Amino acid sequence: MSAPAARPSAGDRFRRYALRNASLLLSYLVLTVMGLYYVGYAAGHGQLSVFSVTSVFNNTMPLLVAAIGQTMVVLTGGIDLSVGSIISLSNSLAAVHMQDSAGSVLAWSGLILLIGAATGAANGALVAVGRIQPILVTLASLSVWAGVALFVLPQPGGAIPPGFTALLAGNAWQIVPASAVVLGALIVFWIVFRRTGLAVALYAVGNDERSARANGVPVAAAKIAAYTLSGLFAALAGLYLSAVTTSGDATTGAVYTLTSIAAVVLGGVSLFGGRGSATGSMAGAFVLTLIVNILFFANINPLLQEFFQGLVLILAMAASVLVNVVLGRTG
Amino acid sequence: MPRIEAIDVSKSFGGVHALQGASFEADGGEVHALVGENGAGKSTLIKILSGLLRPDGGQLRVDGQEVRIDRPAAAQRLGIGTVFQELTLLPHMTVAENLLLRREPRDRFGLIRPRELSRQAAELLSGLGLREFDVDSVMSGLPLAQRQLLEIAKVVSRAPRILLFDEPTSALAEREVTWLMDVIRRLRDGGRTIVFTSHRWNEVHDISDRITIFRNGQRVGTFAAADIDENRAVELMTGRHMSAVFPPLPPLGAPEAILEVRGLAAGRVQGVDLTLHRGEILGIGGLQGQGQRDLFLSLFGAQRLRAGTIAIQGRRVAIRHPREAISAGIGIALVPEDRKVEGLFLPMSVRQNMTLPVLGALSRLGYVDLRRETDTVGRMIDQLAIRTTGPDQIVGALSGGNQQKVLIGRWLVTNARILLLYDVTRGVDVATKHDIYDLVTALSADGRAILYYSSDTAEMAHLCHRVLVMREGRAATELRGREITADALVRASLRLGGEVPA
């Protein structure tokens with residue numbers, strides 16, 4: 001038929017992959033540069049240790065986990081602002097109720113994850129069935145769950161069982177950060193998830209809802225699933241935050257609402273939906289955390305942390321647009 | 001027993017009857033064409049049969065059984081597959097992912113097998129004679145014609161018993177049309193039912209077993225393809241109607257060129273020359289999608305020019321933005337077809353909508369002179385006979401035709417010399433249509449120059465001093481005065497040879 005195209009060579013295929021995933025590859029590149037800078041600087045100043053590396057991982061994980069959930073929603077073309085409050089609620093519940101026994105840790109972890117999933121499902125139902133805009137629905141639930149978190153834990157305090165902290169934020173065989181193991185598991189999860197029918201549905205809805213429906217994709221179910229997963233991951237992020245900070249604070253999650261979105265955007269996921277990968281969001285989460293560490297090394301006032309995070313975000317966006325334009329493709 | 005039937009089906013959109021008691025039936029092993037003018041109801045019928053629209057009344061039957069087709073999935077279950085005019089491909093997914101969406105090959109854990117997906121997609125395409133596609137390329141990078149082929153391939157590969165094609169060839173070149181016709185013949189020989197719409201008579205005649213002609217939302221007749229020729233078909237499609245409802249055209253004085261366009265290329269427009277004179281109503285005809293829209297938008301500065309020049313009263317101008325088009329030196333105004341998207345602010349009042357572009361002129365020291373504003377708006381409401389409770393009524397509460405008048409009124413307030421009216425009567429009730437016709441001729445008598453596009457052929461035939469018929473981005477045929485008949489317009493649009501009256 002028209003415009004016959006021969007089977008492309010390996011070089012062409014790579015070029016096309018790079019073109020299609022320019023934003024994703026850019027986020028890997030930024031992460032690599034920052035990671036090397038961090039390791040080089042730390043090594044040069046005798047500060048590279050199992051402890052320092054573990055702490056970078058631990059500081060990243062709550063954001064990284066929340067960003068995976070946020071990715072699911074953004075892929076459908078939506079947004080989840082309730083992430084921060086669900087993290088706060090999970091942290092408060094864990095700090096108040098979790099006891100230092102395997103049974104209690106297991107039971108409360110399970111319950112908290114369930115609550116997170118349920119809050120997400122409620123968001124999803126309102127968006128998909130109630131046809132209310134995602135930003136309104138999740139803005140409301142941001143407020144609702146922030147209130148509930150304060151009710152659960154009015155004053156910062158409580159305690160997280162040391163065993164729970166050791167499990168998620170400690171080291172395996174004294175040297176491997178437990179967080180790195182969890183990270184590996186999350187990457188594997190994403191690779192597998194990407195091959196499920198649900199993942200296809202999320203991408204399809206974000207690509208073009210009308211077309212997805214015309215092709216028989218269950219649009220409402222896919223959206224509800226996306227928000228449910230986002231709630232579940234937010235709860236997991238809350239548990240991780242509890243393990244890392246070892247205490248409870250009903251406002252501690254607030255910052256994650258916007259940083260999870262920033263991580264997703266840095267990772268090259270399109271806010272219009274339908275394009276991107278959670279591995280990019282994971283890279284984005286690391287970049288945002290490493291900025292803080294590098295500012296610390298560079299002796300820059302830590303109060304400027306958010307300023308620089310914003311600056312990196314803008315630069316990354318600009319670079320991404322530039323790369324796409326140079327490669328001859330917009331948007 | 002017919003395989004698929006529509007019996008006495010009706011459908012209205014806000015008071016406009018798209019289908020009024022239309023019936024139609026097609027058998028197994030048959031290719032059945034639906035033909036008619038734009039807006040005759042063909043596409044509406046296809047959408048009803050494929051579950052995208054629900055009929056207001058009437059019955060649908062498959063194999064003699066009454067069925068409800070209330071969503072696309074229901075149509076698919078009944079074995080109905082549809083290739084829509086608007087493609088249903090997902091732009092950022094690959095060819096393979098699109099072709100096998102919801103039918104992906106799985107491994108024993110239920111996970112999609114990406115390599116097998118690509119392999120099956122390639123196999124599917126080569127089975128249909130489309131070997132040259134790279135199934136791993138992303139859809140959005142492909143040209144429209146290729147996407148159209150893939151949409152067809154996707155639907156055909158689902159092996160439906162009944163295939164509906166809505167204008168499948170409009171984006172295809174000749175070779176691709178030949179391919180499609182082969183596919184359709186093979187499907188027919190395999191006992192499938194194929195229903196399709198097309199504006200290209202030769203195609204219709206070559207491939208169809210039977211042809212059903214629609215006009216104004218009703219079936220005019222169904223014919224064996226051998227029993228009807230193009231002359232008869234055109235006559236049945238256009239009818240002889242509506243000539244009395246149009247006001248007489250104001251006579252033109254000595255020609256005084258207001259707008260001169262040379263070699264304009266923008267979007268689908270591939271190089272158009274036109275001259276618009278004082279007081280003239282110049283129709284831009286042709287089938288939908290031949291570049292008319294891009295022509296209008298580019299003259300209004302809303303679409304970038306690739307090439308060409310525009311001169312106003314002999315002075316060359318650049319129109320890079322609607323603001324410049326509206327400006328006093330140029331004075332071009334556009335009334336678009338989709339006034340909700342491109343023109344009006346529905347939640348705002350008649351007053352606010354009308355005076356928006358001239359607020360500066362109505363203001364003193366940054367404050368709007370309310371009395372002058374009220375005077376101006378009141379005058380327009382009277383002049384245009386807008387049916388409203390007053391200048392402060394919300395525009396969203398007016399009927400479609402009156403909304404359209406508000407928009408026209410806005411441009412009269414700006415004293416635009418050149419009005420671009422793009423399908424302004426679409427979806428407007430009959431009474432208001434007449435008001436708009438009167439208004440258009442009055443504006444012409446007042447010396448304003450009007451560029452007029454309508455999807456209604458009768459309007460073009462009766463409301464224009466002159467018509468340029470566009471085909472594939474070019475002004476292919478010019479008709480003047482008495483030459484402009486519905487018949488001649490349809491012929492020129494369809495590129496039918498012969499009897500264009502001299």
# chains A, B, ... in the order shown; residues from 1 in each chain; ligands from 1
$ interface_residues --of "chain B" --to "chain A" --cutoff "6 Å" --atoms "only C-alpha atoms" --output "ChimeraX atom specification"
/B:72-73,88,90,111-112,132
$ residues_around --residues "Asp273 in chain B" --least-positions-apart "2" --cutoff "10 Å" --atoms "only C-alpha atoms" --output "ChimeraX atom specification"
/B:260-265,271,275,308-310,468,474-475
$ write_last_selection --atoms "N, CA and C atoms" --output "compact mmCIF listing (two decimals), in the first residue's frame"
# COMPACT_ATOMS: atom_id res chain seq x y z
N GLU B 260 -8.61 40.60 -1.91
CA GLU B 260 -7.99 39.83 -2.98
C GLU B 260 -7.00 38.85 -2.37
N VAL B 261 -7.20 37.60 -2.68
CA VAL B 261 -6.36 36.54 -2.13
C VAL B 261 -5.67 35.86 -3.30
N ARG B 262 -4.36 35.69 -3.16
CA ARG B 262 -3.61 35.05 -4.25
C ARG B 262 -2.73 33.93 -3.71
N GLY B 263 -2.91 32.74 -4.28
CA GLY B 263 -2.01 31.62 -3.96
C GLY B 263 -2.02 31.22 -2.51
N LEU B 264 -3.15 31.36 -1.86
CA LEU B 264 -3.18 31.08 -0.43
C LEU B 264 -3.10 29.58 -0.15
N ALA B 265 -2.16 29.22 0.75
CA ALA B 265 -2.06 27.83 1.19
C ALA B 265 -1.98 27.82 2.70
N GLY B 271 -3.55 26.44 -2.28
CA GLY B 271 -3.31 27.45 -3.30
C GLY B 271 -4.62 27.94 -3.89
N THR B 275 -11.27 36.72 -5.38
CA THR B 275 -11.51 38.15 -5.23
C THR B 275 -12.93 38.32 -4.74
N GLY B 308 1.15 32.62 0.03
CA GLY B 308 0.05 33.41 -0.49
C GLY B 308 0.00 34.81 0.09
N THR B 309 -0.80 35.65 -0.59
CA THR B 309 -0.93 37.03 -0.14
C THR B 309 -2.40 37.39 0.01
N ILE B 310 -2.64 38.36 0.88
CA ILE B 310 -3.99 38.86 1.10
C ILE B 310 -3.91 40.38 0.94
N LEU B 468 -17.42 29.47 -5.53
CA LEU B 468 -16.20 28.72 -5.88
C LEU B 468 -16.33 27.35 -5.24
N ARG B 474 -8.32 23.17 -3.51
CA ARG B 474 -8.24 24.16 -4.58
C ARG B 474 -9.63 24.62 -4.98
N ALA B 475 -9.69 25.83 -5.48
CA ALA B 475 -10.95 26.32 -6.03
C ALA B 475 -11.06 25.73 -7.42
$ closest_residue --among "A:Thr76, A:Ser9, A:Ser85, A:Gln309" --to "Ala146 in chain A" --atoms "only C-alpha atoms"
A:Ser85
$ closest_residue --among "B:Arg495, B:His465, B:Arg175, B:Arg426" --to "Thr477 in chain B" --atoms "only C-alpha atoms"
B:Arg495
$ residues_around --residues "Ala118 in chain A" --least-positions-apart "2" --cutoff "10 Å" --atoms "only C-alpha atoms" --output "number ranges by chain"
A: 112-116, 120-124, 227-229, 231-232
$ write_last_selection --atoms "N, CA and C atoms" --output "mmCIF file, in the first residue's frame"
data_model
loop_
_atom_site.group_PDB
_atom_site.id
_atom_site.type_symbol
_atom_site.label_atom_id
_atom_site.label_comp_id
_atom_site.auth_asym_id
_atom_site.auth_seq_id
_atom_site.Cartn_x
_atom_site.Cartn_y
_atom_site.Cartn_z
ATOM 1 N N ILE A 112 -4.160 -0.748 57.117
ATOM 2 C CA ILE A 112 -3.853 0.592 56.582
ATOM 3 C C ILE A 112 -3.855 0.574 55.040
ATOM 4 N N LEU A 113 -3.285 -0.491 54.477
ATOM 5 C CA LEU A 113 -3.293 -0.594 53.012
ATOM 6 C C LEU A 113 -4.735 -0.675 52.496
ATOM 7 N N LEU A 114 -5.548 -1.424 53.226
ATOM 8 C CA LEU A 114 -6.941 -1.587 52.832
ATOM 9 C C LEU A 114 -7.668 -0.239 52.874
ATOM 10 N N ILE A 115 -7.418 0.511 53.950
ATOM 11 C CA ILE A 115 -8.048 1.837 54.072
ATOM 12 C C ILE A 115 -7.602 2.737 52.909
ATOM 13 N N GLY A 116 -6.307 2.694 52.609
ATOM 14 C CA GLY A 116 -5.800 3.502 51.493
ATOM 15 C C GLY A 116 -6.502 3.149 50.195
ATOM 16 N N GLY A 120 -9.025 5.473 47.882
ATOM 17 C CA GLY A 120 -8.768 5.647 46.455
ATOM 18 C C GLY A 120 -9.965 5.221 45.621
ATOM 19 N N ALA A 121 -10.573 4.089 46.013
ATOM 20 C CA ALA A 121 -11.733 3.593 45.264
ATOM 21 C C ALA A 121 -12.862 4.618 45.304
ATOM 22 N N ALA A 122 -13.016 5.280 46.471
ATOM 23 C CA ALA A 122 -14.064 6.299 46.580
ATOM 24 C C ALA A 122 -13.774 7.444 45.611
ATOM 25 N N ASN A 123 -12.521 7.888 45.561
ATOM 26 C CA ASN A 123 -12.142 8.913 44.581
ATOM 27 C C ASN A 123 -12.505 8.465 43.173
ATOM 28 N N GLY A 124 -12.108 7.232 42.859
ATOM 29 C CA GLY A 124 -12.308 6.703 41.510
ATOM 30 C C GLY A 124 -13.775 6.645 41.147
ATOM 31 N N TYR A 227 -7.409 4.946 40.566
ATOM 32 C CA TYR A 227 -7.460 5.696 41.829
ATOM 33 C C TYR A 227 -7.302 4.768 43.032
ATOM 34 N N THR A 228 -7.848 3.545 42.906
ATOM 35 C CA THR A 228 -7.694 2.579 43.992
ATOM 36 C C THR A 228 -6.217 2.256 44.192
ATOM 37 N N LEU A 229 -5.520 2.010 43.082
ATOM 38 C CA LEU A 229 -4.084 1.723 43.185
ATOM 39 C C LEU A 229 -3.346 2.926 43.756
ATOM 40 N N GLY A 231 -4.481 5.107 45.871
ATOM 41 C CA GLY A 231 -4.731 5.113 47.313
ATOM 42 C C GLY A 231 -3.905 4.059 48.021
ATOM 43 N N LEU A 232 -3.835 2.875 47.400
ATOM 44 C CA LEU A 232 -3.063 1.780 47.979
ATOM 45 C C LEU A 232 -1.590 2.154 48.097
#
$ select_by_dssp --residues "range 316-377 of chain B" --states "strand (DSSP E)" --output "number ranges by chain"
B: 316-317, 332-335, 363-364, 367-368
$ atom_distance --atom1 "CA of Ala66 in chain A" --atom2 "CA of Ala234 in chain A"
4.9 Å
$ select_by_dssp --residues "range 356-487 of chain B" --states "alpha helix (DSSP H)" --output "PyMOL selection string"
chain B and resi 359-362+370-384+400-413+430-445+457-463+486-487
$ write_last_selection --atoms "C-alpha atoms" --output "mmCIF file, in the first residue's frame"
data_model
loop_
_atom_site.group_PDB
_atom_site.id
_atom_site.type_symbol
_atom_site.label_atom_id
_atom_site.label_comp_id
_atom_site.auth_asym_id
_atom_site.auth_seq_id
_atom_site.Cartn_x
_atom_site.Cartn_y
_atom_site.Cartn_z
ATOM 1 C CA LEU B 359 -14.916 47.738 24.630
ATOM 2 C CA GLY B 360 -11.907 49.951 24.027
ATOM 3 C CA ALA B 361 -13.891 52.201 21.700
ATOM 4 C CA LEU B 362 -16.812 52.328 24.113
ATOM 5 C CA LEU B 370 -22.539 52.128 29.895
ATOM 6 C CA ARG B 371 -25.029 54.355 28.177
ATOM 7 C CA ARG B 372 -23.301 54.123 24.825
ATOM 8 C CA GLU B 373 -22.932 50.383 25.315
ATOM 9 C CA THR B 374 -26.633 49.993 26.054
ATOM 10 C CA ASP B 375 -27.583 52.077 23.020
ATOM 11 C CA THR B 376 -25.373 50.084 20.719
ATOM 12 C CA VAL B 377 -26.578 46.722 21.991
ATOM 13 C CA GLY B 378 -30.227 47.780 21.904
ATOM 14 C CA ARG B 379 -29.879 48.873 18.301
ATOM 15 C CA MET B 380 -28.409 45.542 17.329
ATOM 16 C CA ILE B 381 -31.096 43.564 19.102
ATOM 17 C CA ASP B 382 -33.721 45.487 17.124
ATOM 18 C CA GLN B 383 -31.912 45.362 13.832
ATOM 19 C CA LEU B 384 -31.264 41.629 14.010
ATOM 20 C CA GLY B 400 -29.208 28.366 18.671
ATOM 21 C CA GLY B 401 -30.335 30.725 15.942
ATOM 22 C CA ASN B 402 -30.481 33.671 18.284
ATOM 23 C CA GLN B 403 -27.032 32.853 19.630
ATOM 24 C CA GLN B 404 -25.852 32.968 16.067
ATOM 25 C CA LYS B 405 -27.446 36.402 15.636
ATOM 26 C CA VAL B 406 -25.702 37.705 18.736
ATOM 27 C CA LEU B 407 -22.421 36.658 17.219
ATOM 28 C CA ILE B 408 -23.229 38.313 13.904
ATOM 29 C CA GLY B 409 -24.314 41.393 15.848
ATOM 30 C CA ARG B 410 -20.960 41.531 17.561
ATOM 31 C CA TRP B 411 -19.204 41.873 14.237
ATOM 32 C CA LEU B 412 -21.666 44.443 12.973
ATOM 33 C CA VAL B 413 -20.784 46.483 16.037
ATOM 34 C CA VAL B 430 -36.205 26.967 9.999
ATOM 35 C CA ALA B 431 -37.687 30.283 11.129
ATOM 36 C CA THR B 432 -34.352 31.596 12.325
ATOM 37 C CA LYS B 433 -32.719 30.347 9.156
ATOM 38 C CA HIS B 434 -35.002 32.685 7.243
ATOM 39 C CA ASP B 435 -34.054 35.558 9.508
ATOM 40 C CA ILE B 436 -30.402 34.805 8.855
ATOM 41 C CA TYR B 437 -30.988 34.686 5.070
ATOM 42 C CA ASP B 438 -32.707 38.065 5.251
ATOM 43 C CA LEU B 439 -29.887 39.411 7.350
ATOM 44 C CA VAL B 440 -27.213 38.146 4.972
ATOM 45 C CA THR B 441 -28.889 39.745 1.963
ATOM 46 C CA ALA B 442 -29.440 42.964 3.906
ATOM 47 C CA LEU B 443 -25.754 43.077 4.778
ATOM 48 C CA SER B 444 -24.912 42.547 1.139
ATOM 49 C CA ALA B 445 -27.249 45.397 0.112
ATOM 50 C CA THR B 457 -26.391 22.921 -0.923
ATOM 51 C CA ALA B 458 -29.710 24.696 -1.376
ATOM 52 C CA GLU B 459 -28.397 27.664 0.587
ATOM 53 C CA MET B 460 -25.338 27.888 -1.564
ATOM 54 C CA ALA B 461 -27.501 27.742 -4.668
ATOM 55 C CA HIS B 462 -29.882 30.496 -3.643
ATOM 56 C CA LEU B 463 -27.927 32.837 -1.449
ATOM 57 C CA ALA B 486 -28.045 22.585 -6.513
ATOM 58 C CA ASP B 487 -27.511 20.188 -9.349
#
$ closest_residue --among "A:Ala316, A:Ala285, A:Gly130, A:Leu31" --to "Tyr256 in chain A" --atoms "only C-alpha atoms"
A:Ala285
